file final_11.cif (mmCIF, C-alpha atoms)
data_run
loop_
_atom_site.label_atom_id
_atom_site.label_comp_id
_atom_site.auth_asym_id
_atom_site.auth_seq_id
_atom_site.Cartn_x
_atom_site.Cartn_y
_atom_site.Cartn_z
CA MET A 1 109.59 -84.94 -210.97
CA THR A 2 106.28 -84.37 -209.21
CA LEU A 3 105.19 -80.84 -209.91
CA PHE A 4 102.31 -80.77 -207.53
CA ASP A 5 100.54 -83.28 -205.36
CA TRP A 6 97.32 -83.72 -207.26
CA LYS A 7 95.68 -85.96 -204.70
CA SER A 8 96.00 -83.47 -201.88
CA GLU A 9 94.94 -80.56 -204.10
CA LEU A 10 91.54 -82.17 -204.75
CA ALA A 11 89.57 -81.60 -201.58
CA ARG A 12 86.22 -80.70 -200.08
CA LYS A 13 85.14 -77.57 -198.26
CA GLY A 14 81.92 -78.83 -196.74
CA HIS A 15 79.68 -79.75 -199.64
CA ARG A 16 81.86 -77.90 -202.16
CA VAL A 17 84.62 -79.55 -204.17
CA VAL A 18 87.82 -77.56 -204.69
CA LEU A 19 90.97 -78.02 -206.70
CA SER A 20 93.85 -76.00 -205.28
CA GLY A 21 91.24 -73.84 -203.56
CA GLN A 22 89.22 -73.15 -206.73
CA PRO A 23 85.58 -74.25 -206.94
CA ILE A 24 85.03 -77.15 -209.29
CA THR A 25 82.27 -79.63 -209.93
CA MET A 26 82.11 -83.15 -211.29
CA HIS A 27 80.05 -83.95 -214.34
CA CYS A 28 79.93 -86.98 -216.55
CA HIS A 29 80.09 -87.44 -220.31
CA HIS A 30 76.28 -87.46 -220.60
CA TYR A 31 76.02 -83.86 -219.38
CA ASN A 32 79.13 -82.56 -221.13
CA ILE A 33 78.08 -84.00 -224.46
CA ASN A 34 74.44 -82.96 -224.03
CA LEU A 35 75.54 -79.36 -223.44
CA GLN A 36 77.78 -79.39 -226.51
CA LYS A 37 75.03 -80.85 -228.70
CA THR A 38 72.46 -78.38 -227.38
CA LEU A 39 74.73 -75.46 -228.22
CA GLU A 40 75.70 -76.78 -231.65
CA ASP A 41 72.16 -77.69 -232.66
CA THR A 42 70.61 -74.45 -231.42
CA LEU A 43 73.17 -71.75 -232.15
CA GLY A 44 75.50 -73.38 -234.70
CA ASP A 45 78.87 -71.63 -234.98
CA GLU A 46 77.86 -69.10 -232.34
CA GLY A 47 77.22 -71.95 -229.90
CA VAL A 48 80.56 -73.54 -230.71
CA GLN A 49 82.27 -70.20 -230.11
CA LEU A 50 80.45 -69.80 -226.77
CA LEU A 51 81.68 -73.22 -225.68
CA PHE A 52 85.24 -72.38 -226.76
CA ASP A 53 85.19 -68.99 -225.00
CA SER A 54 83.74 -70.43 -221.79
CA VAL A 55 86.41 -73.13 -221.49
CA GLU A 56 89.16 -70.73 -222.51
CA GLN A 57 88.19 -68.19 -219.83
CA ALA A 58 87.74 -70.77 -217.08
CA ASN A 59 90.99 -72.56 -217.82
CA TYR A 60 92.95 -69.33 -218.26
CA HIS A 61 91.93 -68.08 -214.81
CA GLY A 62 92.32 -71.53 -213.22
CA LEU A 63 95.84 -72.08 -214.51
CA LYS A 64 96.87 -68.50 -213.80
CA SER A 65 95.86 -69.05 -210.20
CA LEU A 66 97.75 -72.38 -210.07
CA PHE A 67 100.93 -70.81 -211.45
CA SER A 68 100.74 -68.07 -208.84
CA GLN A 69 100.48 -70.74 -206.12
CA TYR A 70 103.30 -72.88 -207.54
CA THR A 71 105.99 -70.28 -208.05
CA GLN A 72 108.67 -72.98 -208.44
CA ILE A 73 107.12 -73.83 -211.81
CA LYS A 74 108.95 -71.36 -214.01
CA THR A 75 110.13 -72.95 -217.24
CA LEU A 76 107.98 -73.43 -220.31
CA LYS A 77 108.61 -77.19 -220.14
CA SER A 78 107.43 -77.47 -216.55
CA LYS A 79 104.39 -75.26 -217.19
CA LEU A 80 103.35 -77.39 -220.16
CA GLU A 81 103.88 -80.49 -218.06
CA MET A 82 101.67 -79.07 -215.34
CA ALA A 83 98.96 -78.25 -217.88
CA SER A 84 99.08 -81.82 -219.22
CA ILE A 85 98.85 -83.24 -215.70
CA LEU A 86 95.90 -81.00 -214.92
CA TYR A 87 94.07 -82.05 -218.11
CA GLN A 88 94.73 -85.72 -217.48
CA ASN A 89 93.85 -85.65 -213.79
CA SER A 90 90.65 -83.74 -214.50
CA GLY A 91 89.55 -86.73 -216.56
CA PHE A 92 89.66 -84.92 -219.92
CA GLY A 93 92.21 -87.25 -221.53
CA VAL A 94 95.79 -86.82 -222.70
CA LEU A 95 97.43 -83.81 -224.36
CA HIS A 96 100.93 -83.83 -225.87
CA PHE A 97 102.27 -80.33 -226.51
CA HIS A 98 104.64 -80.15 -229.50
CA GLU A 99 106.98 -77.35 -230.59
CA ILE A 100 105.12 -74.84 -228.47
CA GLY A 101 106.33 -71.25 -228.37
CA PRO A 102 104.88 -67.75 -227.97
CA GLU A 103 103.58 -67.93 -231.55
CA GLY A 104 101.75 -71.22 -231.02
CA GLY A 105 102.51 -74.80 -232.02
CA LYS A 106 100.85 -78.18 -232.23
CA VAL A 107 99.03 -80.34 -229.71
CA TYR A 108 98.19 -84.03 -230.11
CA SER A 109 95.53 -85.87 -228.16
CA PRO A 110 95.40 -89.65 -228.37
CA SER A 111 92.66 -89.92 -225.73
CA SER A 112 89.76 -87.66 -224.77
CA HIS A 113 86.73 -87.57 -222.45
CA HIS A 114 84.70 -85.71 -225.06
CA VAL A 115 85.66 -88.12 -227.87
CA THR A 116 84.81 -91.14 -225.72
CA GLY A 117 81.56 -89.51 -224.62
CA TRP A 118 80.56 -88.33 -228.09
CA LEU A 119 81.19 -91.70 -229.73
CA ALA A 120 79.31 -93.50 -226.95
CA LYS A 121 76.26 -91.28 -227.39
CA HIS A 122 76.21 -90.16 -231.01
CA ALA A 123 78.72 -92.20 -233.01
CA ARG A 124 80.95 -90.71 -235.71
CA ARG A 125 80.85 -87.05 -236.79
CA ASP A 126 81.62 -85.53 -240.16
CA THR A 127 83.23 -82.41 -238.69
CA PRO A 128 85.81 -81.95 -235.92
CA GLY A 129 84.09 -81.78 -232.54
CA CYS A 130 86.65 -81.21 -229.80
CA HIS A 131 85.63 -77.62 -229.10
CA PHE A 132 86.19 -78.11 -225.39
CA ALA A 133 89.79 -79.23 -225.93
CA ARG A 134 90.43 -76.29 -228.32
CA GLY A 135 89.25 -73.81 -225.72
CA TRP A 136 91.15 -75.56 -222.96
CA ILE A 137 94.41 -75.45 -224.97
CA ALA A 138 93.92 -71.75 -225.82
CA GLY A 139 93.32 -70.82 -222.17
CA ALA A 140 96.28 -72.90 -221.00
CA LEU A 141 98.75 -71.37 -223.45
CA GLU A 142 97.49 -67.84 -222.81
CA ALA A 143 98.06 -68.38 -219.07
CA ILE A 144 101.51 -69.86 -219.73
CA PHE A 145 102.67 -67.04 -222.02
CA GLN A 146 100.81 -64.39 -220.02
CA TYR A 147 98.59 -63.25 -222.86
CA GLU A 148 94.98 -62.24 -222.41
CA PRO A 149 92.21 -64.69 -223.40
CA GLY A 150 91.47 -64.38 -227.10
CA HIS A 151 95.11 -64.23 -228.10
CA PHE A 152 95.30 -67.70 -229.65
CA VAL A 153 93.21 -69.43 -232.27
CA VAL A 154 93.12 -73.21 -231.98
CA ASP A 155 92.00 -75.30 -234.95
CA GLU A 156 91.40 -79.01 -234.96
CA GLN A 157 92.99 -80.58 -238.06
CA GLN A 158 92.24 -84.21 -237.22
CA CYS A 159 89.59 -85.50 -234.86
CA LYS A 160 88.94 -88.90 -233.35
CA MET A 161 85.22 -88.13 -233.44
CA MET A 162 85.68 -88.40 -237.24
CA ARG A 163 87.62 -91.63 -236.71
CA ASP A 164 91.02 -90.06 -237.28
CA GLU A 165 93.84 -91.81 -235.46
CA GLU A 166 94.24 -88.98 -232.96
CA CYS A 167 93.14 -85.39 -232.52
CA LEU A 168 95.57 -82.79 -233.82
CA PHE A 169 95.29 -79.14 -232.88
CA THR A 170 97.23 -76.23 -234.36
CA VAL A 171 97.67 -73.08 -232.30
CA ASN A 172 98.27 -69.69 -233.90
CA ARG A 173 98.15 -66.05 -232.96
CA ARG A 174 94.76 -64.55 -233.74
CA GLN A 175 94.99 -62.20 -236.75
CA ARG A 176 93.56 -58.82 -235.78
CA MET B 1 68.98 -98.57 -192.81
CA ALA B 2 69.38 -94.84 -193.48
CA ILE B 3 71.60 -93.76 -196.36
CA ASP B 4 75.03 -92.68 -195.10
CA GLY B 5 75.89 -89.77 -197.41
CA ASN B 6 79.40 -89.47 -195.99
CA LYS B 7 80.24 -92.99 -197.13
CA ILE B 8 79.16 -92.09 -200.66
CA ILE B 9 81.07 -88.80 -200.63
CA HIS B 10 84.17 -90.64 -199.46
CA ALA B 11 83.82 -93.21 -202.25
CA VAL B 12 83.42 -90.50 -204.92
CA MET B 13 86.37 -88.48 -203.63
CA GLU B 14 88.59 -91.55 -203.55
CA GLY B 15 87.36 -92.78 -206.92
CA SER B 16 87.80 -89.41 -208.60
CA ARG B 17 91.48 -89.45 -207.65
CA ILE B 18 91.98 -92.62 -209.66
CA ARG B 19 92.19 -92.45 -213.42
CA GLU B 20 93.56 -94.70 -216.08
CA ALA B 21 96.61 -93.87 -218.21
CA LYS B 22 94.32 -92.41 -220.88
CA GLY B 23 93.20 -89.67 -218.51
CA ILE B 24 89.64 -90.98 -218.29
CA ILE B 25 87.85 -91.34 -214.94
CA PRO B 26 85.45 -94.28 -215.08
CA LEU B 27 83.46 -94.11 -211.85
CA PHE B 28 79.98 -95.30 -210.86
CA GLY B 29 79.40 -96.50 -214.44
CA VAL B 30 80.07 -93.12 -216.12
CA TYR B 31 83.08 -91.16 -217.38
CA LEU B 32 83.63 -88.38 -214.89
CA SER B 33 85.35 -85.02 -215.38
CA LEU B 34 86.34 -82.26 -212.98
CA PHE B 35 86.17 -78.63 -214.05
CA SER B 36 85.50 -75.11 -212.89
CA VAL B 37 81.93 -74.19 -211.94
CA HIS B 38 82.53 -70.91 -213.79
CA TYR B 39 82.62 -72.83 -217.08
CA TYR B 40 79.25 -74.49 -216.56
CA ASN B 41 77.64 -71.30 -215.34
CA ARG B 42 78.94 -69.16 -218.17
CA LEU B 43 77.87 -71.75 -220.72
CA SER B 44 74.30 -71.89 -219.40
CA PHE B 45 73.68 -68.24 -218.67
CA GLU B 46 75.38 -66.86 -221.78
CA PHE B 47 73.50 -69.41 -223.89
CA GLU B 48 70.28 -68.11 -222.42
CA LYS B 49 71.39 -64.54 -223.11
CA LYS B 50 72.39 -65.28 -226.71
CA MET B 51 69.00 -66.86 -227.36
CA GLY B 52 67.48 -63.48 -226.48
CA LYS B 53 64.22 -62.50 -224.82
CA THR B 54 62.08 -64.05 -227.52
CA ARG B 55 63.70 -67.47 -227.14
CA GLU B 56 64.33 -67.31 -223.39
CA THR B 57 61.75 -69.99 -222.54
CA GLU B 58 63.15 -72.27 -225.25
CA ALA B 59 66.69 -71.78 -223.91
CA GLN B 60 65.62 -72.65 -220.38
CA ALA B 61 63.70 -75.71 -221.57
CA LEU B 62 66.71 -76.92 -223.57
CA LEU B 63 69.05 -76.57 -220.60
CA ILE B 64 66.63 -78.38 -218.29
CA GLN B 65 66.10 -81.09 -220.91
CA ALA B 66 69.86 -81.57 -221.38
CA ALA B 67 70.22 -82.00 -217.63
CA GLN B 68 67.22 -84.28 -217.22
CA GLU B 69 68.38 -86.61 -220.01
CA CYS B 70 71.83 -86.58 -218.48
CA GLY B 71 70.51 -87.23 -214.98
CA TYR B 72 68.36 -90.08 -216.26
CA ALA B 73 71.27 -91.79 -218.06
CA THR B 74 73.86 -90.92 -215.46
CA PHE B 75 71.99 -92.17 -212.41
CA GLN B 76 70.84 -95.26 -214.30
CA GLY B 77 74.54 -95.98 -214.90
CA ILE B 78 75.31 -95.15 -211.29
CA ARG B 79 72.72 -97.50 -209.80
CA ASN B 80 73.91 -100.31 -212.08
CA SER B 81 77.57 -99.85 -211.19
CA TRP B 82 79.62 -102.15 -208.98
CA GLU B 83 80.37 -99.16 -206.73
CA TRP B 84 76.64 -98.69 -206.11
CA ASP B 85 76.23 -102.42 -205.41
CA GLU B 86 79.10 -102.35 -202.98
CA ILE B 87 78.57 -99.04 -201.20
CA VAL B 88 74.98 -97.87 -201.57
CA LYS B 89 72.85 -100.96 -202.11
CA PRO B 90 73.47 -102.39 -198.63
CA MET B 91 71.92 -99.19 -197.21
CA ILE B 92 68.75 -99.44 -199.33
CA ASP B 93 65.65 -101.02 -197.80
CA GLN B 94 62.97 -99.78 -200.19
CA LYS B 95 63.10 -98.28 -203.69
CA GLU B 96 62.44 -94.76 -202.36
CA ASP B 97 65.81 -94.93 -200.57
CA GLN B 98 67.47 -94.73 -203.99
CA ILE B 99 66.52 -91.03 -204.10
CA GLU B 100 68.58 -90.44 -200.95
CA GLY B 101 71.43 -92.37 -202.58
CA PHE B 102 71.20 -90.28 -205.77
CA THR B 103 71.13 -87.09 -203.71
CA ALA B 104 74.24 -88.11 -201.80
CA VAL B 105 76.06 -88.76 -205.09
CA ALA B 106 74.98 -85.30 -206.35
CA VAL B 107 76.38 -83.72 -203.17
CA ALA B 108 79.58 -85.70 -203.65
CA PHE B 109 79.84 -84.35 -207.22
CA GLY B 110 79.82 -80.80 -205.84
CA TRP B 111 76.40 -79.78 -207.17
CA GLY B 112 75.32 -78.31 -203.84
CA ASP B 113 73.99 -79.30 -200.42
CA LEU B 114 70.93 -81.15 -201.70
CA GLU B 115 68.43 -82.28 -199.10
CA VAL B 116 65.29 -84.31 -199.73
CA LYS B 117 62.48 -82.50 -197.94
CA LYS B 118 59.49 -84.51 -199.06
CA LEU B 119 58.76 -87.58 -201.13
CA ILE B 120 55.25 -88.75 -201.94
CA PRO B 121 55.77 -92.00 -203.87
CA ASP B 122 54.93 -91.72 -207.57
CA GLU B 123 53.65 -88.20 -207.04
CA LYS B 124 55.96 -85.54 -205.68
CA LEU B 125 59.58 -84.92 -204.73
CA VAL B 126 60.82 -81.77 -202.99
CA ILE B 127 64.55 -81.09 -202.81
CA CYS B 128 66.06 -78.00 -201.17
CA VAL B 129 69.54 -76.61 -201.79
CA SER B 130 70.96 -73.65 -199.90
CA ASP B 131 74.20 -73.47 -201.91
CA SER B 132 73.68 -74.48 -205.52
CA TYR B 133 76.67 -73.57 -207.70
CA GLU B 134 74.26 -72.37 -210.37
CA ALA B 135 72.43 -69.88 -208.15
CA GLY B 136 75.70 -68.75 -206.54
CA GLY B 137 77.33 -68.31 -209.93
CA TYR B 138 74.41 -66.33 -211.28
CA LEU B 139 74.41 -63.99 -208.29
CA ASN B 140 78.13 -63.34 -208.73
CA GLN B 141 77.86 -62.43 -212.40
CA TYR B 142 74.47 -60.87 -213.01
CA ASP B 143 71.71 -58.80 -211.44
CA ARG B 144 69.05 -60.51 -209.39
CA ALA B 145 67.12 -62.97 -211.55
CA ALA B 146 63.41 -62.80 -212.28
CA SER B 147 63.08 -66.61 -212.35
CA GLY B 148 64.91 -69.72 -211.10
CA LYS B 149 68.36 -70.27 -212.61
CA CYS B 150 69.31 -73.76 -211.48
CA TYR B 151 68.54 -75.54 -214.73
CA MET B 152 70.83 -78.49 -214.08
CA LEU B 153 69.37 -79.28 -210.66
CA ARG B 154 65.86 -78.80 -211.97
CA GLY B 155 66.40 -81.39 -214.68
CA VAL B 156 68.12 -83.76 -212.31
CA THR B 157 65.25 -83.60 -209.78
CA GLY B 158 62.85 -84.69 -212.51
CA ALA B 159 65.25 -87.45 -213.56
CA PHE B 160 65.37 -88.88 -210.01
CA MET B 161 61.59 -89.40 -210.10
CA ASP B 162 61.72 -90.73 -213.68
CA LEU B 163 64.15 -93.42 -212.60
CA ILE B 164 62.10 -94.57 -209.63
CA TYR B 165 58.53 -94.19 -210.92
CA GLY B 166 58.85 -93.64 -214.68
CA GLY B 167 58.71 -97.27 -215.70
CA ASP B 168 61.35 -99.30 -217.46
CA TYR B 169 64.56 -97.64 -218.57
CA PRO B 170 65.01 -96.07 -221.15
CA ASP B 171 61.35 -95.19 -221.72
CA GLY B 172 60.65 -93.23 -218.55
CA CYS B 173 62.53 -89.98 -219.13
CA PHE B 174 60.33 -86.87 -218.80
CA THR B 175 57.52 -88.76 -217.05
CA PHE B 176 58.15 -86.15 -214.34
CA THR B 177 58.95 -82.46 -214.59
CA ALA B 178 60.46 -80.23 -211.93
CA ASP B 179 59.86 -76.56 -211.17
CA GLU B 180 62.03 -74.24 -209.14
CA PRO B 181 59.62 -71.95 -207.26
CA LEU B 182 62.36 -70.66 -204.96
CA CYS B 183 65.87 -69.75 -206.11
CA ARG B 184 68.66 -67.85 -204.40
CA ALA B 185 69.39 -66.15 -207.73
CA LYS B 186 66.08 -64.29 -207.37
CA GLY B 187 66.60 -63.45 -203.73
CA ASP B 188 65.07 -66.45 -201.99
CA PRO B 189 66.95 -67.89 -199.00
CA TYR B 190 67.42 -71.25 -200.73
CA CYS B 191 66.52 -73.06 -203.93
CA GLU B 192 63.58 -75.43 -203.97
CA PHE B 193 62.86 -78.03 -206.63
CA ILE B 194 59.47 -79.70 -206.87
CA ALA B 195 58.99 -82.61 -209.24
CA GLY B 196 55.55 -83.85 -210.23
CA LYS B 197 54.01 -85.82 -213.09
CA SER B 198 54.50 -84.14 -216.48
CA PRO B 199 51.33 -82.59 -217.89
CA HIS B 200 50.81 -84.89 -220.90
#
call {"tool": "encode", "arguments": {"input": "final_11.cif", "output": "structure tokens"}}
result
Amino acid sequence: MTLFDWKSELARKGHRVVLSGQPITMHCHHYNINLQKTLEDTLGDEGVQLLFDSVEQANYHGLKSLFSQYTQIKTLKSKLEMASILYQNSGFGVLHFHEIGPEGGKVYSPSSHHVTGWLAKHARRDTPGCHFARGWIAGALEAIFQYEPGHFVVDEQQCKMMRDEECLFTVNRRQR
Amino acid sequence: MAIDGNKIIHAVMEGSRIREAKGIIPLFGVYLSLFSVHYYNRLSFEFEKKMGKTRETEAQALLIQAAQECGYATFQGIRNSWEWDEIVKPMIDQKEDQIEGFTAVAVAFGWGDLEVKKLIPDEKLVICVSDSYEAGGYLNQYDRAASGKCYMLRGVTGAFMDLIYGGDYPDGCFTFTADEPLCRAKGDPYCEFIAGKSPH
């Protein structure tokens, strides 16, 4: 089943690029990885958190807007499918959502823009490095379950940047 | 032959709709991604804010440096790609034309309506942008800026000159440096980027 016609949703408004009417831009792995490294090297954990928060917010609002445009997408299964399609078609890689519910779940990623980019530029890491994917997953699930950003914590248990077989993320409610 | 920007935009738009099963977009020799401008703006401007007043200059320099290194590697990949050979190269008569080609790719990527205003070979490049997503994003989120806020475009302008006049790749990065004397984020009617030889 085709949930939405990706190709017609990606368009131009003059010199601007839009996806379902929302302003987007195209950047390559050099820039995305340079930004991540700049934040990590300069601010440490605070920089990682800033990256996570920025993706989470942007994706939360983006998906919320998409769901309001595609009102036929109602079930959890179809919303997760739409999120996966969006991730894949944005060039970020592949996400497989697993046992996802309002309390969280697991997400596997066998392929990733940031992993490919990081390994091409900096080789193997000793710590998990898919902060972008963690934030993206948090924002997506908060939009799907209609929570506010900040509701979920996403941890990366295995990471391909560390040469694990695939990236594995666990999603849990944030303890307040 | 003049560079036909529309041809390049068309190629990028078509290419960015094609991705492999792994969800990776290999286009013009790089891995491309598509994401909200709000993400990039928040990342840059909140980074600057977190660095605080005392490290403001360092934050700006780091963001420009990240962009210039990226622009240098990215556009080197772009001009060595088969897409460039097929679409852009036939329109290039002299090496300076590459700057017009780079600019058209940047427009295609959604970075703004970049326009080359002046190019003095090996000396100076002036690019104007009336709708940079960085300046627009800053204006939407914060008070009027005291200095230019388009760090990505500033770095990229320097990288364009590095690639044409900086000598052999990969040793030419930062041969040039760009300033942004005019920026919409500080109330100017458009953003202006001027690249010249780095002072070292």
call {"tool": "resolve_selection", "arguments": {"input": "final_11.cif", "expression": "the PyMOL selection byres ((chain B) within 9 of (chain A))", "output": "ChimeraX atom specification"}}
result
/B:13,16-26,30-44,46-47,50-51,59,62-63,66-67,69-71,73-74,106-113,131,133
call {"tool": "resolve_selection", "arguments": {"input": "final_11.cif", "expression": "the PyMOL selection byres ((chain B and resi 148-154) around 10)", "output": "PyMOL selection string"}}
result
(chain A and resi 31) or (chain B and resi 40-41+44-45+60-68+70-71+106+111-112+114+127+129+132-139+145-147+155-159+177-188+191-195)
call {"tool": "residues_around", "arguments": {"input": "final_11.cif", "residues": "range 155-162 of chain A", "least_positions_apart": "6", "cutoff": "6 Å", "atoms": "all atoms listed in the file", "output": "PyMOL selection string"}}
result
chain A and resi 115+124-126+128+168-170
call {"tool": "write_last_selection", "arguments": {"input": "final_11.cif", "atoms": "C-alpha atoms", "output": "PDB file, keeping the file's coordinate frame"}}
result
ATOM      1  CA  VAL A 115      85.660 -88.120-227.870  1.00  0.00           C
ATOM      2  CA  ARG A 124      80.950 -90.710-235.710  1.00  0.00           C
ATOM      3  CA  ARG A 125      80.850 -87.050-236.790  1.00  0.00           C
ATOM      4  CA  ASP A 126      81.620 -85.530-240.160  1.00  0.00           C
ATOM      5  CA  PRO A 128      85.810 -81.950-235.920  1.00  0.00           C
ATOM      6  CA  LEU A 168      95.570 -82.790-233.820  1.00  0.00           C
ATOM      7  CA  PHE A 169      95.290 -79.140-232.880  1.00  0.00           C
ATOM      8  CA  THR A 170      97.230 -76.230-234.360  1.00  0.00           C
TER       9      THR A 170
END
call {"tool": "atom_distance", "arguments": {"input": "final_11.cif", "atom1": "CA of Met82 in chain A", "atom2": "CA of Glu148 in chain A"}}
result
19.4 Å
call {"tool": "atom_distance", "arguments": {"input": "final_11.cif", "atom1": "CA of Gly167 in chain B", "atom2": "CA of Thr103 in chain B"}}
result
20.0 Å
call {"tool": "closest_residue", "arguments": {"input": "final_11.cif", "among": "B:Gly77, B:Gly15, B:Gly5, B:Pro121", "to": "Gly29 in chain B", "atoms": "all atoms listed in the file"}}
result
B:Gly77
call {"tool": "closest_residue", "arguments": {"input": "final_11.cif", "among": "B:Phe176, B:Trp82, B:Phe160, B:Tyr72", "to": "Glu100 in chain B", "atoms": "all atoms listed in the file"}}
result
B:Phe160
call {"tool": "atom_distance", "arguments": {"input": "final_11.cif", "atom1": "CA of Asp4 in chain B", "atom2": "CA of Glu86 in chain B"}}
result
13.1 Å
call {"tool": "residues_near_point", "arguments": {"input": "final_11.cif", "point": "(66.3, -93.6, -214.0)", "cutoff": "6 Å", "atoms": "all atoms listed in the file", "output": "PyMOL selection string"}}
result
chain B and resi 72+76+162-163
call {"tool": "residues_around", "arguments": {"input": "final_11.cif", "residues": "Ile73 in chain A", "least_positions_apart": "6", "cutoff": "10 Å", "atoms": "only C-alpha atoms", "output": "list in words"}}
result
Leu3, Phe4, Leu66, Phe67, Lys79, Leu80, Glu81 and Met82 of chain A
call {"tool": "residues_around", "arguments": {"input": "final_11.cif", "residues": "Phe97 in chain A", "least_positions_apart": "3", "cutoff": "7 Å", "atoms": "all atoms listed in the file", "output": "MDAnalysis selection string"}}
result
chainID A and resid 100 106:108
call {"tool": "build_atoms", "arguments": {"input": "final_11.cif", "residues": "range 181-194 of chain B", "atoms": "N, CA and C atoms", "output": "compact mmCIF listing (two decimals), in the frame of the given file"}}
result
# COMPACT_ATOMS: atom_id res chain seq x y z
N PRO B 181 60.35 -73.14 -207.72
CA PRO B 181 59.62 -71.95 -207.26
C PRO B 181 60.47 -70.98 -206.44
N LEU B 182 61.46 -71.52 -205.73
CA LEU B 182 62.36 -70.66 -204.96
C LEU B 182 63.78 -70.81 -205.48
N CYS B 183 64.47 -69.69 -205.64
CA CYS B 183 65.87 -69.75 -206.11
C CYS B 183 66.65 -68.60 -205.48
N ARG B 184 67.84 -68.90 -205.01
CA ARG B 184 68.66 -67.85 -204.40
C ARG B 184 68.99 -66.76 -205.41
N ALA B 185 69.06 -67.14 -206.70
CA ALA B 185 69.39 -66.15 -207.73
C ALA B 185 68.33 -65.06 -207.83
N LYS B 186 67.11 -65.35 -207.36
CA LYS B 186 66.08 -64.29 -207.37
C LYS B 186 65.79 -63.77 -205.97
N GLY B 187 66.69 -64.06 -205.05
CA GLY B 187 66.60 -63.45 -203.73
C GLY B 187 66.00 -64.33 -202.65
N ASP B 188 65.62 -65.54 -203.00
CA ASP B 188 65.07 -66.45 -201.99
C ASP B 188 66.21 -66.99 -201.11
N PRO B 189 65.88 -67.43 -199.91
CA PRO B 189 66.95 -67.89 -199.00
C PRO B 189 67.58 -69.21 -199.43
N TYR B 190 66.89 -69.98 -200.21
CA TYR B 190 67.42 -71.25 -200.73
C TYR B 190 66.69 -71.60 -202.02
N CYS B 191 67.17 -72.62 -202.70
CA CYS B 191 66.52 -73.06 -203.93
C CYS B 191 65.66 -74.28 -203.61
N GLU B 192 64.49 -74.31 -204.21
CA GLU B 192 63.58 -75.43 -203.97
C GLU B 192 63.15 -76.02 -205.31
N PHE B 193 63.22 -77.33 -205.39
CA PHE B 193 62.86 -78.03 -206.63
C PHE B 193 61.70 -78.97 -206.31
N ILE B 194 60.65 -78.85 -207.09
CA ILE B 194 59.47 -79.70 -206.87
C ILE B 194 59.17 -80.46 -208.15
